[in-house]
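Engineer: Structure file entry_7.pdb, PDB, C-alpha atoms, pLDDT in the B column, is pasted below:
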ATOM      1  CA  MET A   1       1.878  12.427   8.690  1.00 86.00           C
ATOM      2  CA  GLN A   2      -0.034   9.392   9.883  1.00 94.00           C
ATOM      3  CA  GLN A   3       2.195   6.320  10.196  1.00 96.00           C
ATOM      4  CA  LEU A   4       0.773   2.807  10.111  1.00 96.00           C
ATOM      5  CA  LYS A   5       2.498  -0.545  10.523  1.00 97.00           C
ATOM      6  CA  PHE A   6       1.207  -3.506   8.524  1.00 97.00           C
ATOM      7  CA  LYS A   7       2.261  -6.949   9.718  1.00 96.00           C
ATOM      8  CA  LEU A   8       2.862  -9.199   6.723  1.00 95.00           C
ATOM      9  CA  ARG A   9       1.550 -12.748   7.117  1.00 92.00           C
ATOM     10  CA  GLY A  10       3.076 -14.254   3.976  1.00 92.00           C
ATOM     11  CA  GLU A  11       5.826 -13.522   1.484  1.00 96.00           C
ATOM     12  CA  PHE A  12       4.039 -10.494   0.009  1.00 97.00           C
ATOM     13  CA  VAL A  13       0.725  -8.634  -0.227  1.00 97.00           C
ATOM     14  CA  GLU A  14      -0.702  -7.034  -3.368  1.00 96.00           C
ATOM     15  CA  LEU A  15      -0.705  -3.239  -3.250  1.00 96.00           C
ATOM     16  CA  ASN A  16      -4.468  -2.815  -3.664  1.00 95.00           C
ATOM     17  CA  GLN A  17      -5.096  -5.367  -0.886  1.00 95.00           C
ATOM     18  CA  LEU A  18      -2.578  -3.642   1.397  1.00 96.00           C
ATOM     19  CA  LEU A  19      -4.520  -0.395   1.066  1.00 96.00           C
ATOM     20  CA  LYS A  20      -7.738  -2.213   1.978  1.00 95.00           C
ATOM     21  CA  LEU A  21      -6.301  -4.286   4.847  1.00 95.00           C
ATOM     22  CA  SER A  22      -4.557  -1.300   6.425  1.00 94.00           C
ATOM     23  CA  GLY A  23      -7.839   0.657   6.433  1.00 94.00           C
ATOM     24  CA  VAL A  24      -6.773   3.352   3.984  1.00 92.00           C
ATOM     25  CA  CYS A  25      -9.701   2.497   1.690  1.00 93.00           C
ATOM     26  CA  ASP A  26     -12.892   0.435   1.946  1.00 92.00           C
ATOM     27  CA  SER A  27     -12.234  -2.205  -0.725  1.00 90.00           C
ATOM     28  CA  GLY A  28      -9.633  -3.667  -3.043  1.00 85.00           C
ATOM     29  CA  GLY A  29     -11.448  -1.991  -5.938  1.00 90.00           C
ATOM     30  CA  ALA A  30     -11.081   1.395  -4.265  1.00 92.00           C
ATOM     31  CA  GLY A  31      -7.395   0.593  -3.755  1.00 92.00           C
ATOM     32  CA  LYS A  32      -7.019  -0.165  -7.465  1.00 93.00           C
ATOM     33  CA  MET A  33      -8.581   3.192  -8.317  1.00 94.00           C
ATOM     34  CA  LEU A  34      -6.166   5.048  -6.023  1.00 94.00           C
ATOM     35  CA  VAL A  35      -3.189   3.303  -7.627  1.00 95.00           C
ATOM     36  CA  ALA A  36      -4.525   4.037 -11.137  1.00 95.00           C
ATOM     37  CA  GLU A  37      -4.812   7.730 -10.235  1.00 95.00           C
ATOM     38  CA  GLY A  38      -1.059   7.778  -9.525  1.00 95.00           C
ATOM     39  CA  VAL A  39      -1.349   8.926  -5.908  1.00 96.00           C
ATOM     40  CA  VAL A  40       0.364   5.892  -4.333  1.00 97.00           C
ATOM     41  CA  SER A  41       4.145   5.611  -3.910  1.00 97.00           C
ATOM     42  CA  VAL A  42       6.248   2.608  -2.940  1.00 98.00           C
ATOM     43  CA  ASP A  43       9.686   3.397  -1.494  1.00 98.00           C
ATOM     44  CA  GLY A  44       9.378   6.969  -2.790  1.00 96.00           C
ATOM     45  CA  ASN A  45       8.517   6.011  -6.395  1.00 97.00           C
ATOM     46  CA  LYS A  46       5.075   6.405  -7.965  1.00 97.00           C
ATOM     47  CA  GLU A  47       3.532   2.948  -8.381  1.00 97.00           C
ATOM     48  CA  LEU A  48       0.962   2.298 -11.112  1.00 96.00           C
ATOM     49  CA  ARG A  49       0.820  -1.508 -10.874  1.00 96.00           C
ATOM     50  CA  LYS A  50      -2.359  -2.243  -8.910  1.00 94.00           C
ATOM     51  CA  THR A  51      -1.247  -5.716  -7.852  1.00 94.00           C
ATOM     52  CA  ALA A  52       2.426  -4.916  -7.249  1.00 96.00           C
ATOM     53  CA  LYS A  53       3.927  -7.332  -4.716  1.00 98.00           C
ATOM     54  CA  ILE A  54       4.739  -5.453  -1.530  1.00 98.00           C
ATOM     55  CA  ARG A  55       7.246  -7.189   0.737  1.00 97.00           C
ATOM     56  CA  ALA A  56       8.539  -6.635   4.263  1.00 97.00           C
ATOM     57  CA  GLY A  57      10.747  -3.552   4.556  1.00 97.00           C
ATOM     58  CA  GLN A  58       8.919  -1.533   1.922  1.00 98.00           C
ATOM     59  CA  VAL A  59       7.149   1.753   2.635  1.00 98.00           C
ATOM     60  CA  VAL A  60       3.898   2.701   0.907  1.00 98.00           C
ATOM     61  CA  THR A  61       2.792   6.344   0.913  1.00 97.00           C
ATOM     62  CA  LEU A  62      -0.617   7.760   0.021  1.00 95.00           C
ATOM     63  CA  GLY A  63      -1.149  11.456   0.713  1.00 92.00           C
ATOM     64  CA  ASP A  64      -0.213  12.022   4.357  1.00 94.00           C
ATOM     65  CA  VAL A  65      -0.415   8.304   5.243  1.00 96.00           C
ATOM     66  CA  GLN A  66       2.707   6.167   5.420  1.00 97.00           C
ATOM     67  CA  ILE A  67       2.443   2.378   5.725  1.00 97.00           C
ATOM     68  CA  ASP A  68       5.524   0.490   6.926  1.00 98.00           C
ATOM     69  CA  VAL A  69       5.359  -3.192   5.979  1.00 97.00           C
ATOM     70  CA  VAL A  70       6.983  -5.421   8.609  1.00 96.00           C
ATOM     71  CA  LEU A  71       7.274  -9.155   9.261  1.00 92.00           C
TER      72      LEU A  71
END
Would you mind giving the structure from this file in structure tokens?

Structural biologist:
Amino acid sequence: MQQLKFKLRGEFVELNQLLKLSGVCDSGGAGKMLVAEGVVSVDGNKELRKTAKIRAGQVVTLGDVQIDVVL
């Protein structure tokens, strides 16, 4: 499993933007499509809200990629 750390610069980041900024996908639109397909999990639960607010301490998983969100 590939583990990435994403340093949060504000209070939260939207899920589709997190996928783009961490390099998992090329654009926010591509991130929205991945979320809509139901292949993205937040803290172990499938997440279908494309603009869900992701905060420090949460873990986002997509396939074999895990993104740890830190301050």

Engineer: Quick one, how far is atom CA of Ser22 of chain A from atom CA of Phe6 of chain A?

Structural biologist: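 Between these atoms lies a distance of 6.5 Å.
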
Engineer: For the PyMOL selection byres ((chain A and resi 10) around 10), applied here, can you spell out every residue it catches as a list in words?

Structural biologist: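 When the PyMOL selection byres ((chain A and resi 10) around 10) is applied to the shown file, the picked residues are Lys7, Leu8, Arg9, Glu11, Phe12, Val13, Arg55, Ala56 and Leu71 of chain A.
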
Engineer: Could those residues be written to a file, using C-alpha atoms, as an mmCIF file, in the coordinates of the input?

Structural biologist:
data_model
loop_
_atom_site.group_PDB
_atom_site.id
_atom_site.type_symbol
_atom_site.label_atom_id
_atom_site.label_comp_id
_atom_site.auth_asym_id
_atom_site.auth_seq_id
_atom_site.Cartn_x
_atom_site.Cartn_y
_atom_site.Cartn_z
ATOM 1 C CA LYS A 7 2.261 -6.949 9.718
ATOM 2 C CA LEU A 8 2.862 -9.199 6.723
ATOM 3 C CA ARG A 9 1.550 -12.748 7.117
ATOM 4 C CA GLU A 11 5.826 -13.522 1.484
ATOM 5 C CA PHE A 12 4.039 -10.494 0.009
ATOM 6 C CA VAL A 13 0.725 -8.634 -0.227
ATOM 7 C CA ARG A 55 7.246 -7.189 0.737
ATOM 8 C CA ALA A 56 8.539 -6.635 4.263
ATOM 9 C CA LEU A 71 7.274 -9.155 9.261
#

Engineer: With distances taken over all atoms listed in the file, which residue among A:Leu4, A:Val59, A:Ala52, A:Val70 lies nearest Val24 of chain A?

Structural biologist: A:Leu4

Engineer: A:Val69, A:Leu62, A:Ile54, A:Val42: which is nearest Cys25 of chain A, counting all atoms listed in the file?

Structural biologist: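 Checking each of A:Val69, A:Leu62, A:Ile54, A:Val42 against Cys25 of chain A, counting all atoms listed in the file, the winner is A:Leu62.
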
Engineer: When distances are computed from all atoms listed in the file, which of A:Met33, A:Gly38, A:Gly44, A:Gln3 shows the smallest separation from Asn16 of chain A?

Structural biologist: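 Counting all atoms listed in the file, the residue closest to Asn16 of chain A is A:Met33.
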
Engineer: Find the residues near Val35 of chain A: any atom within 9 Å, counting only C-alpha atoms, skip ones fewer than 4 places away on the same chain, and give them as a list in words.

Structural biologist: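 Near neighbours after the sequence-gap exclusion: Leu15, Asn16, Ala30, Gly31, Val39, Val40, Ser41, Lys46, Glu47, Leu48, Arg49 and Lys50 of chain A.
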
Engineer: Report, in Å to a single decimal, how far apart atom CA of Leu34 of chain A and atom CA of Ile67 of chain A are.

Structural biologist: 14.8 Å

Engineer: To one decimal place, how far is atom CA of Thr61 of chain A from atom CA of Asn45 of chain A in Å?

Structural biologist: 9.3 Å

Engineer: Kindly list the centre and edge lengths in Å, rounded to one decimal, for the axis-aligned box that covers all listed atoms of segment 45-51 of chain A plus 5 Å on each of its six sides, as JSON.

Structural biologist:
{"center_x": 3.1, "center_y": 0.3, "center_z": -8.8, "size_x": 20.9, "size_y": 22.1, "size_z": 14.7}

Engineer: Smallest atom-to-atom distance to Leu18 of chain A: which of A:Glu37, A:Gly57, A:Asp43, A:Lys32, using all atoms listed in the file?

Structural biologist: A:Lys32
